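Asks: So that you have it, the file is run27.csv, and it contains CSV, C-alpha atoms:
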chain,number,residue,atom,x,y,z
Y,1,MET,CA,-38.2,-30.6,32.0
Y,2,ILE,CA,-39.2,-27.3,33.6
Y,3,LEU,CA,-37.0,-24.3,33.1
Y,4,VAL,CA,-37.3,-21.3,35.4
Y,5,ASN,CA,-35.1,-18.4,36.4
Y,6,THR,CA,-36.5,-18.3,39.9
Y,7,ASP,CA,-34.7,-20.3,42.6
Y,8,PHE,CA,-37.8,-22.5,43.3
Y,9,VAL,CA,-40.5,-24.3,41.5
Y,10,THR,CA,-44.0,-23.5,42.9
Y,11,ASP,CA,-45.5,-26.4,44.9
Y,12,LYS,CA,-42.5,-28.7,44.3
Y,13,GLU,CA,-39.9,-29.7,46.8
Y,14,ILE,CA,-36.6,-30.0,45.1
Y,15,VAL,CA,-33.2,-31.6,45.6
Y,16,THR,CA,-30.3,-29.9,43.8
Y,17,LEU,CA,-28.1,-32.0,41.6
Y,18,GLY,CA,-25.5,-29.5,40.4
Y,19,THR,CA,-24.9,-26.7,37.9
Y,20,VAL,CA,-25.5,-27.5,34.3
Y,21,LYS,CA,-24.6,-25.3,31.4
Y,22,GLY,CA,-24.7,-25.1,27.6
Y,23,SER,CA,-22.8,-22.8,25.3
Y,24,MET,CA,-22.5,-22.0,21.7
Y,25,ILE,CA,-20.3,-19.8,19.5
Y,26,GLN,CA,-21.9,-18.9,16.3
Y,27,SER,CA,-21.0,-16.7,13.4
Y,28,LYS,CA,-22.8,-15.7,10.2
Y,29,HIS,CA,-21.4,-15.9,6.7
Y,30,LEU,CA,-19.5,-13.0,5.2
Y,31,GLY,CA,-22.4,-11.8,3.1
Y,32,ARG,CA,-24.6,-11.3,6.2
Y,33,ASP,CA,-21.7,-9.7,8.0
Y,34,ILE,CA,-21.2,-7.2,5.3
Y,35,MET,CA,-25.0,-6.5,5.2
Y,36,SER,CA,-25.0,-5.9,8.9
Y,37,GLY,CA,-21.9,-3.7,8.6
Y,38,LEU,CA,-23.8,-1.6,6.1
Y,39,LYS,CA,-26.8,-1.5,8.4
Y,40,THR,CA,-24.7,0.2,11.1
Y,41,LEU,CA,-24.5,3.1,8.6
Y,42,VAL,CA,-28.2,3.7,8.5
Y,43,GLY,CA,-29.3,2.4,11.9
Y,44,GLY,CA,-32.1,0.1,12.9
Y,45,GLU,CA,-32.4,-3.6,13.9
Y,46,LEU,CA,-29.7,-5.9,12.6
Y,47,THR,CA,-32.0,-8.8,11.9
Y,48,ALA,CA,-29.2,-11.2,10.9
Y,49,TYR,CA,-27.5,-10.9,14.3
Y,50,SER,CA,-30.8,-11.0,16.2
Y,51,GLU,CA,-31.5,-14.3,14.5
Y,52,MET,CA,-28.0,-15.6,14.9
Y,53,LEU,CA,-28.1,-15.0,18.7
Y,54,ASN,CA,-31.6,-16.5,19.0
Y,55,GLU,CA,-30.5,-19.7,17.2
Y,56,ALA,CA,-27.3,-19.9,19.3
Y,57,ARG,CA,-29.3,-19.5,22.5
Y,58,ALA,CA,-31.8,-22.2,21.4
Y,59,ILE,CA,-28.9,-24.6,20.8
Y,60,ALA,CA,-27.1,-23.6,24.1
Y,61,THR,CA,-30.4,-24.2,26.0
Y,62,LYS,CA,-30.7,-27.6,24.3
Y,63,ARG,CA,-27.2,-28.5,25.4
Y,64,MET,CA,-27.9,-27.5,28.9
Y,65,VAL,CA,-31.2,-29.5,29.0
Y,66,GLU,CA,-29.2,-32.6,27.6
Y,67,ASP,CA,-26.7,-32.0,30.4
Y,68,ALA,CA,-29.5,-31.9,33.0
Y,69,GLU,CA,-31.2,-35.0,31.5
Y,70,LYS,CA,-28.0,-37.0,32.0
Y,71,LEU,CA,-28.2,-36.2,35.7
Y,72,GLY,CA,-31.8,-37.3,35.8
Y,73,ALA,CA,-33.1,-33.8,36.5
Y,74,ASP,CA,-36.8,-32.8,36.4
Y,75,GLY,CA,-36.1,-29.2,36.0
Y,76,VAL,CA,-33.5,-26.4,35.9
Y,77,VAL,CA,-33.9,-23.5,38.3
Y,78,ASN,CA,-32.2,-20.1,38.6
Y,79,MET,CA,-31.3,-20.0,34.9
Y,80,ARG,CA,-29.1,-17.2,33.6
Y,81,TYR,CA,-28.0,-16.1,30.2
Y,82,ALA,CA,-24.7,-14.6,29.3
Y,83,THR,CA,-23.3,-13.2,26.1
Y,84,SER,CA,-19.8,-12.1,25.1
Y,85,ASN,CA,-18.1,-10.9,22.1
Y,86,ILE,CA,-15.4,-13.4,21.3
Y,87,MET,CA,-14.1,-12.0,18.0
Y,88,GLN,CA,-15.6,-9.7,15.4
Y,89,GLY,CA,-18.8,-11.2,13.9
Y,90,ALA,CA,-18.9,-14.1,16.4
Y,91,ALA,CA,-20.5,-14.2,19.8
Y,92,GLU,CA,-20.6,-16.8,22.6
Y,93,VAL,CA,-23.9,-17.4,24.3
Y,94,LEU,CA,-23.9,-19.2,27.6
Y,95,VAL,CA,-26.9,-20.5,29.5
Y,96,TYR,CA,-26.6,-22.1,32.9
Y,97,GLY,CA,-28.7,-23.1,35.9
Y,98,THR,CA,-29.1,-25.6,38.7
Y,99,ALA,CA,-30.4,-29.0,37.8
Y,100,VAL,CA,-33.0,-30.2,40.3
Y,101,LYS,CA,-35.0,-33.3,41.0
Y,102,PHE,CA,-38.5,-33.2,42.5
Y,103,LYS,CA,-39.1,-35.0,45.8
P,1,MET,CA,-49.4,-8.7,32.1
P,2,ILE,CA,-47.5,-8.0,35.3
P,3,LEU,CA,-43.7,-7.7,35.1
P,4,VAL,CA,-41.6,-7.8,38.3
P,5,ASN,CA,-38.0,-8.6,39.0
P,6,THR,CA,-38.8,-10.2,42.3
P,7,GLU,CA,-39.4,-13.9,42.5
P,8,SER,CA,-42.9,-13.5,43.9
P,9,ILE,CA,-45.9,-11.2,43.6
P,10,PRO,CA,-47.4,-10.3,47.0
P,11,GLY,CA,-51.0,-11.7,47.4
P,12,LYS,CA,-50.8,-13.9,44.4
P,13,GLU,CA,-50.2,-17.6,44.1
P,14,PHE,CA,-48.9,-18.8,40.8
P,15,GLU,CA,-47.6,-21.7,38.9
P,16,ALA,CA,-44.4,-21.4,36.8
P,17,ILE,CA,-44.8,-22.1,33.0
P,18,THR,CA,-41.3,-21.7,31.7
P,19,ILE,CA,-38.6,-19.2,31.0
P,20,VAL,CA,-39.4,-16.6,28.3
P,21,LYS,CA,-37.1,-14.1,26.6
P,22,GLY,CA,-36.9,-11.3,24.1
P,23,SER,CA,-33.9,-9.8,22.4
P,24,THR,CA,-32.9,-7.4,19.7
P,25,VAL,CA,-29.6,-6.2,18.1
P,26,ARG,CA,-29.7,-2.6,17.0
P,27,ALA,CA,-27.4,0.2,15.8
P,28,LYS,CA,-27.7,3.9,15.3
P,29,ASP,CA,-27.0,5.5,12.0
P,30,LEU,CA,-23.5,6.7,11.2
P,31,GLY,CA,-24.2,10.3,11.8
P,32,ARG,CA,-25.5,9.7,15.3
P,33,THR,CA,-22.7,7.3,16.1
P,34,PHE,CA,-20.2,9.9,15.0
P,35,LEU,CA,-22.0,12.6,17.1
P,36,SER,CA,-21.9,10.4,20.1
P,37,LYS,CA,-18.2,9.8,19.7
P,38,LEU,CA,-17.6,13.6,19.6
P,39,GLU,CA,-19.8,13.9,22.7
P,40,ALA,CA,-17.8,11.2,24.5
P,41,LEU,CA,-14.7,13.4,24.1
P,42,ALA,CA,-16.3,16.1,26.0
P,43,GLY,CA,-17.8,13.7,28.6
P,44,GLY,CA,-21.3,13.7,30.1
P,45,GLU,CA,-24.4,11.8,29.1
P,46,LEU,CA,-24.7,10.5,25.5
P,47,PRO,CA,-28.3,11.0,24.7
P,48,GLU,CA,-28.2,9.2,21.3
P,49,ILE,CA,-26.9,6.1,22.9
P,50,VAL,CA,-29.3,6.3,25.9
P,51,ASN,CA,-32.1,6.6,23.4
P,52,LEU,CA,-30.9,3.6,21.3
P,53,LEU,CA,-30.7,1.4,24.4
P,54,GLU,CA,-34.0,2.5,25.7
P,55,GLU,CA,-35.7,1.8,22.4
P,56,SER,CA,-34.0,-1.6,22.2
P,57,ARG,CA,-35.1,-2.5,25.7
P,58,HIS,CA,-38.6,-1.5,24.9
P,59,ILE,CA,-38.6,-3.8,21.8
P,60,ALA,CA,-37.0,-6.7,23.6
P,61,THR,CA,-39.5,-6.4,26.5
P,62,LYS,CA,-42.4,-6.4,23.9
P,63,LYS,CA,-41.0,-9.6,22.3
P,64,MET,CA,-40.8,-11.2,25.7
P,65,ILE,CA,-44.4,-10.2,26.6
P,66,GLU,CA,-45.6,-11.6,23.3
P,67,GLU,CA,-43.9,-15.0,24.0
P,68,ALA,CA,-45.4,-15.0,27.5
P,69,LYS,CA,-48.9,-14.2,26.2
P,70,LYS,CA,-48.6,-17.1,23.7
P,71,LEU,CA,-48.1,-19.4,26.7
P,72,GLY,CA,-51.2,-18.0,28.4
P,73,ALA,CA,-49.2,-16.3,31.2
P,74,ASP,CA,-50.6,-13.7,33.6
P,75,ALA,CA,-47.2,-12.4,34.6
P,76,VAL,CA,-43.4,-12.6,34.2
P,77,VAL,CA,-41.4,-12.8,37.4
P,78,ASN,CA,-37.7,-12.5,38.1
P,79,VAL,CA,-37.2,-10.3,35.0
P,80,ARG,CA,-33.5,-9.7,34.2
P,81,TYR,CA,-32.0,-7.3,31.6
P,82,MET,CA,-28.7,-7.9,29.9
P,83,THR,CA,-26.7,-5.8,27.5
P,84,SER,CA,-23.7,-6.8,25.5
P,85,GLU,CA,-21.6,-5.4,22.7
P,86,ILE,CA,-21.8,-7.8,19.7
P,87,MET,CA,-19.7,-5.7,17.3
P,88,GLN,CA,-18.4,-2.2,17.3
P,89,ASP,CA,-21.2,0.3,17.8
P,90,VAL,CA,-23.8,-2.5,17.9
P,91,ALA,CA,-25.5,-3.6,21.1
P,92,GLU,CA,-27.7,-6.6,21.9
P,93,ILE,CA,-30.3,-6.1,24.5
P,94,MET,CA,-31.9,-9.1,26.1
P,95,VAL,CA,-34.6,-9.5,28.7
P,96,TYR,CA,-35.7,-12.8,30.2
P,97,GLY,CA,-37.9,-14.0,33.1
P,98,THR,CA,-40.2,-16.8,34.2
P,99,ALA,CA,-43.7,-16.8,32.8
P,100,VAL,CA,-46.3,-17.7,35.4
P,101,LYS,CA,-50.0,-18.3,35.6
P,102,PHE,CA,-52.1,-17.2,38.6
P,103,LYS,CA,-54.0,-19.8,40.5
For the structure just supplied, provide its representation as structure tokens.
Replies:
Amino acid sequence: MILVNTDFVTDKEIVTLGTVKGSMIQSKHLGRDIMSGLKTLVGGELTAYSEMLNEARAIATKRMVEDAEKLGADGVVNMRYATSNIMQGAAEVLVYGTAVKFK
Amino acid sequence: MILVNTESIPGKEFEAITIVKGSTVRAKDLGRTFLSKLEALAGGELPEIVNLLEESRHIATKKMIEEAKKLGADAVVNVRYMTSEIMQDVAEIMVYGTAVKFK
């Protein structure tokens, strides 16, 4: 499975199969939320949230890839990421793209 | 490492490796956040926030480049930046693109 965010794959002729997506809503436990809340007092990177979003994105990407595999895709082109704040301390990450098959 | 937000690099033929990304969640300290809120009342540019986002973008870009280097990439094409509010006064910056190798 090749994942790119360009709308072509070099040297490959492709047939589009359809849009595939994966999403994930993740939250951290209270302790980490409180730690992150404190961190906003002093500034700097909020590692707990950085990790949380990275994990969530990895899972969302996996779900998208599973979706693409079901369609018999060889790759996903024109991938895009989106993030939104659903409620305090929880974020939704979404990843989507077009599943393609090589000729 | 060449970073472009076009899908191609003139005069170069390349092969796509995969999508790469970098992200960070950061906050300013309470004092600066407060200062920015005062400045927002008066209107105009908010230098502290601009500074925070610029710094974060720099860090996220660095993380993406590191990921691309690990894959042996020569460039990242179709670079996209994304910003979202994760919680109050906390922003996530994300940058992603397709790592490619020159032929």
Asks: Provide as a ChimeraX atom specification the residues of chain Y at most 7 Å from chain P, counting all atoms listed in the file.
Replies: /Y:2-6,9-10,40-46,49-50,83-85,88-89,91
Asks: Between CA of Ala99 (chain Y) and CA of Leu17 (chain Y), measure the distance and give it in Å to one decimal.
Replies: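 Going from CA of Ala99 (chain Y) over to CA of Leu17 (chain Y), I get 5.4 Å.
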Asks: List every residue of region 32-60 of chain Y that has an atom at most 10 Å from any atom of region 23-26 of chain Y, and for each one report the closest atom pair and its distance in Å to one decimal, counting only C-alpha atoms, with rows sorted by chain and then by increasing residue number, as CSV.
Replies:
residue,atom,partner,partner_atom,distance
Y:Tyr49,CA,Y:Gln26,CA,10.0
Y:Met52,CA,Y:Gln26,CA,7.1
Y:Leu53,CA,Y:Gln26,CA,7.7
Y:Glu55,CA,Y:Gln26,CA,8.7
Y:Ala56,CA,Y:Met24,CA,5.8
Y:Arg57,CA,Y:Met24,CA,7.3
Y:Ala58,CA,Y:Met24,CA,9.3
Y:Ile59,CA,Y:Met24,CA,7.0
Y:Ala60,CA,Y:Ser23,CA,4.5
Asks: Store the residues picked out above, limited to C-alpha atoms, as a JSON list (two decimals), keeping the file's coordinate frame.
Replies:
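Writing the result to part_34.json gives the following:
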[["chain", "number", "residue", "atom", "x", "y", "z"],
["Y", 49, "TYR", "CA", -27.50, -10.90, 14.30],
["Y", 52, "MET", "CA", -28.00, -15.60, 14.90],
["Y", 53, "LEU", "CA", -28.10, -15.00, 18.70],
["Y", 55, "GLU", "CA", -30.50, -19.70, 17.20],
["Y", 56, "ALA", "CA", -27.30, -19.90, 19.30],
["Y", 57, "ARG", "CA", -29.30, -19.50, 22.50],
["Y", 58, "ALA", "CA", -31.80, -22.20, 21.40],
["Y", 59, "ILE", "CA", -28.90, -24.60, 20.80],
["Y", 60, "ALA", "CA", -27.10, -23.60, 24.10]]
Asks: Please, what is the axis-aligned box for every listed atom of region 4-7 of chain Y with 4 Å on each side, as centre and edge lengths in Å to one decimal, as AutoDock Vina command-line options?
Replies:
--center_x -36.0 --center_y -19.8 --center_z 39.0 --size_x 10.6 --size_y 11.0 --size_z 15.2
Asks: Could you tell me how far CA of Leu71 (chain Y) sits from CA of Glu67 (chain P), in Å to one decimal place?
Replies: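 Computed distance, CA of Glu67 (chain P) to CA of Leu71 (chain Y), equals 28.9 Å.
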Asks: Mind checking which residues fall within 8 Å of Lys103 (chain Y), counting all atoms listed in the file, ignoring those fewer than 4 positions away in the same chain, and posting them as an MDAnalysis selection string?
Replies: chainID Y and resid 12:15
Asks: Nearest residue to Leu3 (chain P) out of P:Glu54, P:Glu48, P:Asp74, P:Glu39, using all atoms listed in the file?
Replies: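 Once distances to Leu3 (chain P) are computed over all atoms listed in the file, the minimum belongs to P:Asp74.
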Asks: Using Å and a single decimal, report how far CA of Leu71 (chain P) sits from CA of Lys101 (chain P).
Replies: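 So the two atoms, CA of Lys101 (chain P) and CA of Leu71 (chain P), lie 9.2 Å apart.
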Asks: Write out as a PyMOL selection string each polymer residue whose atoms come within 8 Å of Met1 (chain P), counting only C-alpha atoms; drop sequence neighbours fewer than 6 positions from it.
Replies: chain P and resi 65+73-76
Asks: How would region 65-86 of chain P read, as a PDB file, in the coordinates of the input, once N, CA and C atoms are built in?
Replies:
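Generated file (selection.pdb):
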ATOM      1  N   ILE P  65     -42.976 -10.235  26.238  1.00  0.00           N
ATOM      2  CA  ILE P  65     -44.400 -10.200  26.600  1.00  0.00           C
ATOM      3  C   ILE P  65     -45.217 -11.044  25.626  1.00  0.00           C
ATOM      4  N   GLU P  66     -44.897 -10.879  24.322  1.00  0.00           N
ATOM      5  CA  GLU P  66     -45.600 -11.600  23.300  1.00  0.00           C
ATOM      6  C   GLU P  66     -45.443 -13.142  23.510  1.00  0.00           C
ATOM      7  N   GLU P  67     -44.190 -13.534  23.808  1.00  0.00           N
ATOM      8  CA  GLU P  67     -43.900 -15.000  24.000  1.00  0.00           C
ATOM      9  C   GLU P  67     -44.696 -15.458  25.259  1.00  0.00           C
ATOM     10  N   ALA P  68     -44.734 -14.633  26.305  1.00  0.00           N
ATOM     11  CA  ALA P  68     -45.400 -15.000  27.500  1.00  0.00           C
ATOM     12  C   ALA P  68     -46.944 -15.133  27.269  1.00  0.00           C
ATOM     13  N   LYS P  69     -47.477 -14.215  26.463  1.00  0.00           N
ATOM     14  CA  LYS P  69     -48.900 -14.200  26.200  1.00  0.00           C
ATOM     15  C   LYS P  69     -49.297 -15.500  25.413  1.00  0.00           C
ATOM     16  N   LYS P  70     -48.394 -15.929  24.487  1.00  0.00           N
ATOM     17  CA  LYS P  70     -48.600 -17.100  23.700  1.00  0.00           C
ATOM     18  C   LYS P  70     -48.779 -18.354  24.637  1.00  0.00           C
ATOM     19  N   LEU P  71     -48.080 -18.299  25.774  1.00  0.00           N
ATOM     20  CA  LEU P  71     -48.100 -19.400  26.700  1.00  0.00           C
ATOM     21  C   LEU P  71     -49.286 -19.293  27.694  1.00  0.00           C
ATOM     22  N   GLY P  72     -50.061 -18.208  27.556  1.00  0.00           N
ATOM     23  CA  GLY P  72     -51.200 -18.000  28.400  1.00  0.00           C
ATOM     24  C   GLY P  72     -50.782 -17.489  29.817  1.00  0.00           C
ATOM     25  N   ALA P  73     -49.659 -16.789  29.899  1.00  0.00           N
ATOM     26  CA  ALA P  73     -49.200 -16.300  31.200  1.00  0.00           C
ATOM     27  C   ALA P  73     -49.902 -15.088  31.686  1.00  0.00           C
ATOM     28  N   ASP P  74     -49.967 -14.928  33.017  1.00  0.00           N
ATOM     29  CA  ASP P  74     -50.600 -13.700  33.600  1.00  0.00           C
ATOM     30  C   ASP P  74     -49.471 -12.723  34.003  1.00  0.00           C
ATOM     31  N   ALA P  75     -48.270 -13.228  34.175  1.00  0.00           N
ATOM     32  CA  ALA P  75     -47.200 -12.400  34.600  1.00  0.00           C
ATOM     33  C   ALA P  75     -45.840 -12.971  34.288  1.00  0.00           C
ATOM     34  N   VAL P  76     -44.814 -12.124  34.326  1.00  0.00           N
ATOM     35  CA  VAL P  76     -43.400 -12.600  34.200  1.00  0.00           C
ATOM     36  C   VAL P  76     -42.707 -12.182  35.467  1.00  0.00           C
ATOM     37  N   VAL P  77     -42.163 -13.135  36.202  1.00  0.00           N
ATOM     38  CA  VAL P  77     -41.400 -12.800  37.400  1.00  0.00           C
ATOM     39  C   VAL P  77     -39.936 -12.952  37.203  1.00  0.00           C
ATOM     40  N   ASN P  78     -39.190 -12.354  38.117  1.00  0.00           N
ATOM     41  CA  ASN P  78     -37.700 -12.500  38.100  1.00  0.00           C
ATOM     42  C   ASN P  78     -37.146 -11.967  36.757  1.00  0.00           C
ATOM     43  N   VAL P  79     -37.640 -10.826  36.299  1.00  0.00           N
ATOM     44  CA  VAL P  79     -37.200 -10.300  35.000  1.00  0.00           C
ATOM     45  C   VAL P  79     -35.760  -9.766  35.140  1.00  0.00           C
ATOM     46  N   ARG P  80     -34.928 -10.137  34.179  1.00  0.00           N
ATOM     47  CA  ARG P  80     -33.500  -9.700  34.200  1.00  0.00           C
ATOM     48  C   ARG P  80     -33.210  -9.064  32.818  1.00  0.00           C
ATOM     49  N   TYR P  81     -32.483  -7.946  32.860  1.00  0.00           N
ATOM     50  CA  TYR P  81     -32.000  -7.300  31.600  1.00  0.00           C
ATOM     51  C   TYR P  81     -30.529  -7.538  31.452  1.00  0.00           C
ATOM     52  N   MET P  82     -30.124  -7.635  30.202  1.00  0.00           N
ATOM     53  CA  MET P  82     -28.700  -7.900  29.900  1.00  0.00           C
ATOM     54  C   MET P  82     -28.349  -7.101  28.668  1.00  0.00           C
ATOM     55  N   THR P  83     -27.179  -6.540  28.659  1.00  0.00           N
ATOM     56  CA  THR P  83     -26.700  -5.800  27.500  1.00  0.00           C
ATOM     57  C   THR P  83     -25.323  -6.285  27.124  1.00  0.00           C
ATOM     58  N   SER P  84     -25.078  -6.490  25.839  1.00  0.00           N
ATOM     59  CA  SER P  84     -23.700  -6.800  25.500  1.00  0.00           C
ATOM     60  C   SER P  84     -23.371  -6.241  24.118  1.00  0.00           C
ATOM     61  N   GLU P  85     -22.080  -6.009  23.933  1.00  0.00           N
ATOM     62  CA  GLU P  85     -21.600  -5.400  22.700  1.00  0.00           C
ATOM     63  C   GLU P  85     -21.302  -6.592  21.733  1.00  0.00           C
ATOM     64  N   ILE P  86     -22.013  -6.654  20.625  1.00  0.00           N
ATOM     65  CA  ILE P  86     -21.800  -7.800  19.700  1.00  0.00           C
ATOM     66  C   ILE P  86     -20.738  -7.424  18.682  1.00  0.00           C
TER      67      ILE P  86
END
